[in-house]
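Below: one structure, written as structure tokens.
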There are 2 protein chains.
Amino acid sequence: MTSCPLPFEPKDTVTMAHGAGGRHTFRLIQNIFAPAFHLSSSQLSDSAIVGDEEKWAISTDAHVVSPLFFPGGDIGTLAANGTCNDLAMVGAEPKWLAVSWILEEGITFDTLNRISQSLAAAAAQNGATIIAGDTKVVPKGKGDGLYLSSAGFGLHRMPFIPSPSRLKPGLELIISGDIGRHAIAIASLRDNSIGFSAEIASDCCPLWPLVAALLNNSLYPAAMRDCTRGGLATVLAEWAEESNLGMELEEEAVPLLEPVRAACDLLGFDPLYLACEGRFLLAIEKEKVEDTLNLLRQFPDGKMAARIGRVTNANPGRAVARQPYGTERILDRLSGEILPRIC
Amino acid sequence: MTSCPLPFEPKDTVTMAHGAGGRHTFRLIQNIFAPAFHLSSSQLSDSAIVGDEEKWAISTDAHVVSPLFFPGGDIGTLAANGTCNDLAMVGAEPKWLAVSWILEEGITFDTLNRISQSLAAAAAQNGATIIAGDTKVVPKGKGDGLYLSSAGFGLHRMPFIPSPSRLKPGLELIISGDIGRHAIAIASLRDNSIGFSAEIASDCCPLWPLVAALLNNSLYPAAMRDCTRGGLATVLAEWAEESNLGMELEEEAVPLLEPVRAACDLLGFDPLYLACEGRFLLAIEKEKVEDTLNLLRQFPDGKMAARIGRVTNANPGRAVARQPYGTERILDRLSGEILPRIC
């Protein structure tokens with residue numbers, strides 16, 4: 001599938017779209033990082049499993065969210081949850097975090113202190129301990145308050161590594177909650193002229209507690225992925241490509257808060273492409289769907305969990321969204337950039 | 001020991017000195033990060049050991065060096081060597097690296113490609129594999145080309161964890177090579193008006209091969225530390241404080257290339273405070289000094305290794321440099337900033 005390039009898209013430099021987690025980011029990995037590091041592009045993801053005796057998962061994230069504080073969290077909660085969620089998505093229990101700070105000269109100690117406290121609190125909610133750190137400072141005008149990179153180390157706790165390569169026709173797709181709140185929370189801060197009737201808080205939260213509950217009840221998803229940059233649609237498109245199977249989404253089954261739907265209408269956003277920071281897609285056998293939903297719904301962050309589609313033999317390599325009256329649309333990876341610096 | 005504060009030092013915001021790796025960085029850790037993360041400030045260093053069955057070392061570094069390319073390396077070599085060297089310093093064999101990129105909009109693919117290649121080559125020299133990554137993009141004017149954070153994961157290979165707490169009076173101090181080349185290589189690029197007679201290349205290099213050779217020959221240093229930001233003097237001051245013993249340095253025994261000495265004279269730098277990126281200090285028993293030096297000198301990066309001092313009961317908590325004619329000076333942690341964005 002091809003897309004129409006923007007008329008003046010630069011061909012040899014990085015654009016904001018390369019940070020959006022969609023098609024451009026994938027190209028950067030495919031054309032530059034994967035060949036340099038002698039990896040296939042699917043190997044170079046944000047987490048990996050290593051080790052012989054014990055199996056460890058390693059993940060990393062850079063965080064450049066703007067503004068630093070938003071309803072429902074800040075760059076500190078985002079860093080701890082984002083990195084630990086990547087571990088949870090491969091079935092690993094978050095254990096250790098290493099954080100590196102790039103501070104812009106002039107940032108206040110108070111800001112740094114508040115963010116450190118949120119980072120520590122979110123790490124604790126994930127069961128992770130911060131054990132190593134590094135700090136660099138760049139001159140005023142060479143940063144934007146602060147950037148925060150985190151790396152996570154977790155112990156693998158599943159009988160297998162969940163992965164799109166384990167997807168099979170007939171598996172059902174479940175989303176752990178309502179989508180798009182993180183993106184709308186950030187968007188509402190960017191444009192003060194938009195008078196949202198209700199403040200929408202980010203969905204940023206730890207996913208390990210939900211995953212741990214599933215594993216403790218022998219509910220092992222074939223694949224899991226958190227719907228961050230690029231949203232649910234990009235995850236579905238990636239799974240379709242990586243498994244060469246079809247992903248069929250029942251669009252009206254996707255849980256969405258009414259204020260998020262209203263904001264999307266107003267701003268012209270497609271909710272399926274909006275970033276979440278505490279929602280994940282999982283694929284599991286049909287006979288386990290009910291138990292899975294019941295378990296997820298016991299958590300405040302999982303109470304809107306829903307079955308939203310299935311893996312099919314039809315449409316191999318494609319994600320297709322079905323609308324109530326029988327129309328369909330193909331979901332591709334996010335192209336370009338909806339909201340820069342969302343995380 | 002107290003120091004005279006600069007007259008107008010801001011009291012509540014981050015300054016460039018907080019990124020210099022000396023006294024100000026220590027205060028930031030002591031006042032903000034350590035309390036938030038419930039750690040003692042000596043626990044929150046750039047590497048840590050975890051795990052029950054196998055012992056793993058974890059380290060992290062943010063890199064903001066300017067310019068991105070310098071004689072002897074670039075930000076990619078610096079990231080791989082810097083992070084792997086932190087693992088080597090706790091006696092761990094580098095195994096895995098996770099890297100996160102913060103790209104400034106407009107950076108060329110060519111630059112990114114060159115840096116990825118150097119990163120991969122330096123990782124390979126350390127025996128480490130890059131297995132996880134993340135990429136974010138910030139708008140033009142909110143970065144400076146690129147910043148690169150790396151986290152390292154290594155297997156601990158020593159019967160104990162080398163640490164300043166294992167220092168004892170009578171141990172001898174060895175430096176693995178000549179100091180200060182990295183700082184002078186960067187300084188020479190910053191100020192083109194300074195006409196150095198010879199181009200000085202950074203000492204940036206992998207330290208694990210040198211450490212591995214020591215361990216394979218049962219030469220186990222009580223403590224090791226690479227002399228990065230803050231230089232040899234800051235390491236000595238930290239060891240003195242952390243062990244509450246004296247560190248006695250014979251200043252004329254410290255290996256220094258003639259062009260580095262000349263540049264220091266010209267620029268008014270104290271070579272003991274200059275950053276290296278491939279030199280480390282180690283403490284070992286007197287009877288093992290000769291074997292240690294012989295082994296280190298077999299490596300191109302260790303051929304100027306030298307015995308430079310000893311651990312003493314005298315002057316507890318202080319590092320003292322003795323000069324040839326009997327004069328002495330006390331070495332404190334670096335205060336303020338000599339050269340910003342050295343790494």
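So you can find residues: chains in the structure tokens are A, B, ... in the order shown, residues in each start at 1, and ligands are numbered from 1 in order.
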Report as a Markdown table: every residue of chain B with an atom at most 7 Å from chain A, its closest pair of atoms, and their distance in Å to one decimal, counting only C-alpha atoms, with rows sorted by chain and ascending residue number.
| residue | atom | partner | partner_atom | distance |
| --- | --- | --- | --- | --- |
| B:Asp12 | CA | A:Phe109 | CA | 5.5 |
| B:Thr13 | CA | A:Thr108 | CA | 4.1 |
| B:Val14 | CA | A:Gly106 | CA | 5.1 |
| B:Thr15 | CA | A:Glu105 | CA | 5.1 |
| B:Met16 | CA | A:Val137 | CA | 5.7 |
| B:His18 | CA | A:Val137 | CA | 6.7 |
| B:Gly19 | CA | A:Lys136 | CA | 4.5 |
| B:Ile32 | CA | A:Asn113 | CA | 5.8 |
| B:Phe33 | CA | A:Ser116 | CA | 6.5 |
| B:Ala36 | CA | A:Gln117 | CA | 5.3 |
| B:Phe37 | CA | A:Ala120 | CA | 5.6 |
| B:Leu44 | CA | A:Ala132 | CA | 5.5 |
| B:Ser45 | CA | A:Ala132 | CA | 5.5 |
| B:Asp46 | CA | A:Ala132 | CA | 5.0 |
| B:Ser47 | CA | A:Ala132 | CA | 5.3 |
| B:Ala48 | CA | A:Ala132 | CA | 6.2 |
| B:Ser59 | CA | A:Ala132 | CA | 6.1 |
| B:Thr60 | CA | A:Gly133 | CA | 6.0 |
| B:Asp61 | CA | A:Asp134 | CA | 5.3 |
| B:Ala62 | CA | A:Ser100 | CA | 5.5 |
| B:Ala98 | CA | A:Thr60 | CA | 6.1 |
| B:Val99 | CA | A:Thr60 | CA | 6.8 |
| B:Ser100 | CA | A:Ala62 | CA | 5.5 |
| B:Trp101 | CA | A:Ala62 | CA | 6.7 |
| B:Ile102 | CA | A:Ala62 | CA | 6.9 |
| B:Glu105 | CA | A:Thr15 | CA | 5.0 |
| B:Gly106 | CA | A:Val14 | CA | 5.1 |
| B:Ile107 | CA | A:Thr13 | CA | 5.4 |
| B:Thr108 | CA | A:Thr13 | CA | 4.1 |
| B:Phe109 | CA | A:Thr13 | CA | 5.4 |
| B:Asn113 | CA | A:Ile32 | CA | 5.8 |
| B:Ser116 | CA | A:Ala36 | CA | 5.9 |
| B:Gln117 | CA | A:Ala36 | CA | 5.3 |
| B:Ala120 | CA | A:Phe37 | CA | 5.6 |
| B:Ile130 | CA | A:Phe37 | CA | 6.5 |
| B:Ile131 | CA | A:Leu44 | CA | 6.0 |
| B:Ala132 | CA | A:Asp46 | CA | 5.0 |
| B:Gly133 | CA | A:Asp46 | CA | 5.1 |
| B:Asp134 | CA | A:Asp61 | CA | 5.3 |
| B:Thr135 | CA | A:Gly19 | CA | 6.1 |
| B:Lys136 | CA | A:Gly19 | CA | 4.5 |
| B:Val137 | CA | A:Gly19 | CA | 4.7 |
| B:Val138 | CA | A:Met16 | CA | 6.8 |
| B:Pro139 | CA | A:Met16 | CA | 6.8 |
| B:Gly141 | CA | A:Lys142 | CA | 6.4 |
| B:Lys142 | CA | A:Gly143 | CA | 4.7 |
| B:Gly143 | CA | A:Lys142 | CA | 4.7 |
| B:Asp144 | CA | A:Lys142 | CA | 5.7 |
| B:Ser149 | CA | A:Ser149 | CA | 6.6 |
| B:Ala151 | CA | A:Ala151 | CA | 6.2 |
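Neighbouring residues of Cys205 of chain A at 7 Å or closer, counting only C-alpha atoms and skipping chain neighbours under 5 positions away, are A:Asn81, A:Glu277, A:Gly278.
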Mind dumping the selected residues with C-alpha atoms as a compact mmCIF listing (two decimals), in the first residue's frame?
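Saved file out-v2.txt follows:
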# COMPACT_ATOMS: atom_id res chain seq x y z
CA ASN A 81 4.72 3.96 33.03
CA GLU A 277 -0.42 5.84 27.57
CA GLY A 278 -2.27 3.19 29.57
Q | Backbone DSSP call of helix (DSSP H, G or I) for segment 25-103 of chain A, listed as an MDAnalysis selection string | A | chainID A and resid 25:36 75:88
Save the residues we just selected, N, CA and C atoms, as a PDB file, in the first residue's frame?
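File written: again.pdb
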ATOM      1  N   THR A  25       8.578   6.814  11.238  1.00  0.00           N
ATOM      2  CA  THR A  25       9.461   6.237  12.252  1.00  0.00           C
ATOM      3  C   THR A  25       9.920   4.853  11.794  1.00  0.00           C
ATOM      4  N   PHE A  26       8.970   4.089  11.241  1.00  0.00           N
ATOM      5  CA  PHE A  26       9.286   2.742  10.762  1.00  0.00           C
ATOM      6  C   PHE A  26      10.358   2.805   9.678  1.00  0.00           C
ATOM      7  N   ARG A  27      10.235   3.797   8.785  1.00  0.00           N
ATOM      8  CA  ARG A  27      11.224   3.937   7.702  1.00  0.00           C
ATOM      9  C   ARG A  27      12.620   4.261   8.250  1.00  0.00           C
ATOM     10  N   LEU A  28      12.643   5.117   9.262  1.00  0.00           N
ATOM     11  CA  LEU A  28      13.914   5.485   9.884  1.00  0.00           C
ATOM     12  C   LEU A  28      14.585   4.234  10.450  1.00  0.00           C
ATOM     13  N   ILE A  29      13.801   3.404  11.121  1.00  0.00           N
ATOM     14  CA  ILE A  29      14.326   2.157  11.691  1.00  0.00           C
ATOM     15  C   ILE A  29      14.796   1.243  10.572  1.00  0.00           C
ATOM     16  N   GLN A  30      13.962   1.136   9.533  1.00  0.00           N
ATOM     17  CA  GLN A  30      14.232   0.221   8.427  1.00  0.00           C
ATOM     18  C   GLN A  30      15.470   0.650   7.630  1.00  0.00           C
ATOM     19  N   ASN A  31      15.609   1.958   7.410  1.00  0.00           N
ATOM     20  CA  ASN A  31      16.672   2.430   6.513  1.00  0.00           C
ATOM     21  C   ASN A  31      17.972   2.756   7.222  1.00  0.00           C
ATOM     22  N   ILE A  32      17.909   3.124   8.479  1.00  0.00           N
ATOM     23  CA  ILE A  32      19.138   3.563   9.158  1.00  0.00           C
ATOM     24  C   ILE A  32      19.508   2.649  10.326  1.00  0.00           C
ATOM     25  N   PHE A  33      18.627   2.537  11.310  1.00  0.00           N
ATOM     26  CA  PHE A  33      19.047   1.833  12.533  1.00  0.00           C
ATOM     27  C   PHE A  33      19.215   0.328  12.307  1.00  0.00           C
ATOM     28  N   ALA A  34      18.236  -0.303  11.669  1.00  0.00           N
ATOM     29  CA  ALA A  34      18.304  -1.762  11.521  1.00  0.00           C
ATOM     30  C   ALA A  34      19.570  -2.206  10.758  1.00  0.00           C
ATOM     31  N   PRO A  35      19.887  -1.575   9.598  1.00  0.00           N
ATOM     32  CA  PRO A  35      21.132  -1.996   8.925  1.00  0.00           C
ATOM     33  C   PRO A  35      22.376  -1.721   9.768  1.00  0.00           C
ATOM     34  N   ALA A  36      22.430  -0.557  10.430  1.00  0.00           N
ATOM     35  CA  ALA A  36      23.629  -0.234  11.218  1.00  0.00           C
ATOM     36  C   ALA A  36      23.821  -1.238  12.347  1.00  0.00           C
ATOM     37  N   ILE A  75       5.824  14.352  32.810  1.00  0.00           N
ATOM     38  CA  ILE A  75       6.846  13.600  32.081  1.00  0.00           C
ATOM     39  C   ILE A  75       7.438  12.477  32.948  1.00  0.00           C
ATOM     40  N   GLY A  76       7.368  12.642  34.273  1.00  0.00           N
ATOM     41  CA  GLY A  76       7.878  11.603  35.173  1.00  0.00           C
ATOM     42  C   GLY A  76       6.981  10.364  35.189  1.00  0.00           C
ATOM     43  N   THR A  77       5.657  10.564  35.340  1.00  0.00           N
ATOM     44  CA  THR A  77       4.727   9.412  35.297  1.00  0.00           C
ATOM     45  C   THR A  77       4.813   8.736  33.936  1.00  0.00           C
ATOM     46  N   LEU A  78       4.913   9.557  32.898  1.00  0.00           N
ATOM     47  CA  LEU A  78       4.974   9.043  31.533  1.00  0.00           C
ATOM     48  C   LEU A  78       6.199   8.151  31.347  1.00  0.00           C
ATOM     49  N   ALA A  79       7.347   8.596  31.870  1.00  0.00           N
ATOM     50  CA  ALA A  79       8.588   7.836  31.690  1.00  0.00           C
ATOM     51  C   ALA A  79       8.498   6.497  32.418  1.00  0.00           C
ATOM     52  N   ALA A  80       8.078   6.513  33.680  1.00  0.00           N
ATOM     53  CA  ALA A  80       8.021   5.254  34.434  1.00  0.00           C
ATOM     54  C   ALA A  80       6.978   4.313  33.839  1.00  0.00           C
ATOM     55  N   ASN A  81       5.761   4.836  33.573  1.00  0.00           N
ATOM     56  CA  ASN A  81       4.724   3.959  33.031  1.00  0.00           C
ATOM     57  C   ASN A  81       5.064   3.497  31.618  1.00  0.00           C
ATOM     58  N   GLY A  82       5.558   4.414  30.794  1.00  0.00           N
ATOM     59  CA  GLY A  82       5.856   4.050  29.403  1.00  0.00           C
ATOM     60  C   GLY A  82       6.871   2.922  29.328  1.00  0.00           C
ATOM     61  N   THR A  83       7.945   3.048  30.098  1.00  0.00           N
ATOM     62  CA  THR A  83       9.015   2.053  30.039  1.00  0.00           C
ATOM     63  C   THR A  83       8.573   0.737  30.673  1.00  0.00           C
ATOM     64  N   CYS A  84       7.878   0.818  31.804  1.00  0.00           N
ATOM     65  CA  CYS A  84       7.393  -0.417  32.451  1.00  0.00           C
ATOM     66  C   CYS A  84       6.305  -1.083  31.608  1.00  0.00           C
ATOM     67  N   ASN A  85       5.459  -0.283  30.945  1.00  0.00           N
ATOM     68  CA  ASN A  85       4.423  -0.879  30.098  1.00  0.00           C
ATOM     69  C   ASN A  85       5.037  -1.674  28.941  1.00  0.00           C
ATOM     70  N   ASP A  86       6.145  -1.184  28.399  1.00  0.00           N
ATOM     71  CA  ASP A  86       6.827  -1.934  27.330  1.00  0.00           C
ATOM     72  C   ASP A  86       7.307  -3.293  27.851  1.00  0.00           C
ATOM     73  N   LEU A  87       7.725  -3.338  29.104  1.00  0.00           N
ATOM     74  CA  LEU A  87       8.121  -4.618  29.708  1.00  0.00           C
ATOM     75  C   LEU A  87       6.904  -5.521  29.870  1.00  0.00           C
ATOM     76  N   ALA A  88       5.826  -4.950  30.411  1.00  0.00           N
ATOM     77  CA  ALA A  88       4.599  -5.731  30.636  1.00  0.00           C
ATOM     78  C   ALA A  88       4.100  -6.348  29.330  1.00  0.00           C
TER      79      ALA A  88
END
Can you list, as a PDB file with C-alpha atoms, in the first residue's frame, every protein, DNA or RNA residue that comes within 8 Å of Leu293 of chain B when you count only C-alpha atoms, leaving out same-chain residues fewer than 3 positions away?
ATOM      1  CA  ILE B 174      47.153   2.938  38.931  1.00  0.00           C
ATOM      2  CA  VAL B 289      51.124  -3.638  40.746  1.00  0.00           C
ATOM      3  CA  GLU B 290      53.795  -4.927  38.384  1.00  0.00           C
ATOM      4  CA  LEU B 296      47.538  -3.042  30.825  1.00  0.00           C
ATOM      5  CA  ARG B 297      50.549  -1.970  28.763  1.00  0.00           C
ATOM      6  CA  ALA B 305      49.519   2.895  32.301  1.00  0.00           C
ATOM      7  CA  ALA B 306      51.336   4.062  35.421  1.00  0.00           C
ATOM      8  CA  ARG B 307      51.408   3.760  39.190  1.00  0.00           C
TER       9      ARG B 307
END
Q: May I ask which of the residues B:Arg318, B:Arg229, B:Arg279, B:Lys55 is the closest one to Glu337 of chain B, counting only C-alpha atoms?
A: B:Arg229
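Distances to Gly177 of chain A were evaluated for A:Glu242, A:Asp301, A:Asp191, A:Glu258 using only C-alpha atoms, and the minimum falls at A:Asp301.
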Q. Which of segment 146-320 of chain B counts as strand (DSSP E) under DSSP, as a VMD selection string please?
A. chain B and resid 146 to 156 172 to 175 223 to 226 246 to 250 280 to 284 306 to 312 319 to 320
Q) Which residue, B:Glu250, B:Asp332, B:Asp74, B:Asp291, has the smallest gap to Leu173 of chain B when you use only C-alpha atoms? A) B:Glu250
Q: Name the residues in contact with segment 320-324 of chain B at a cut-off of 6 Å, using only C-alpha atoms, excluding same-chain residues fewer than 6 positions from it; report them as a PyMOL selection string.
A: chain B and resi 248-251+330-331
Q: Figure out the distance between atom CA of Asn244 of chain B and atom CA of Lys168 of chain B, please, to one decimal in Å.
A: 9.9 Å
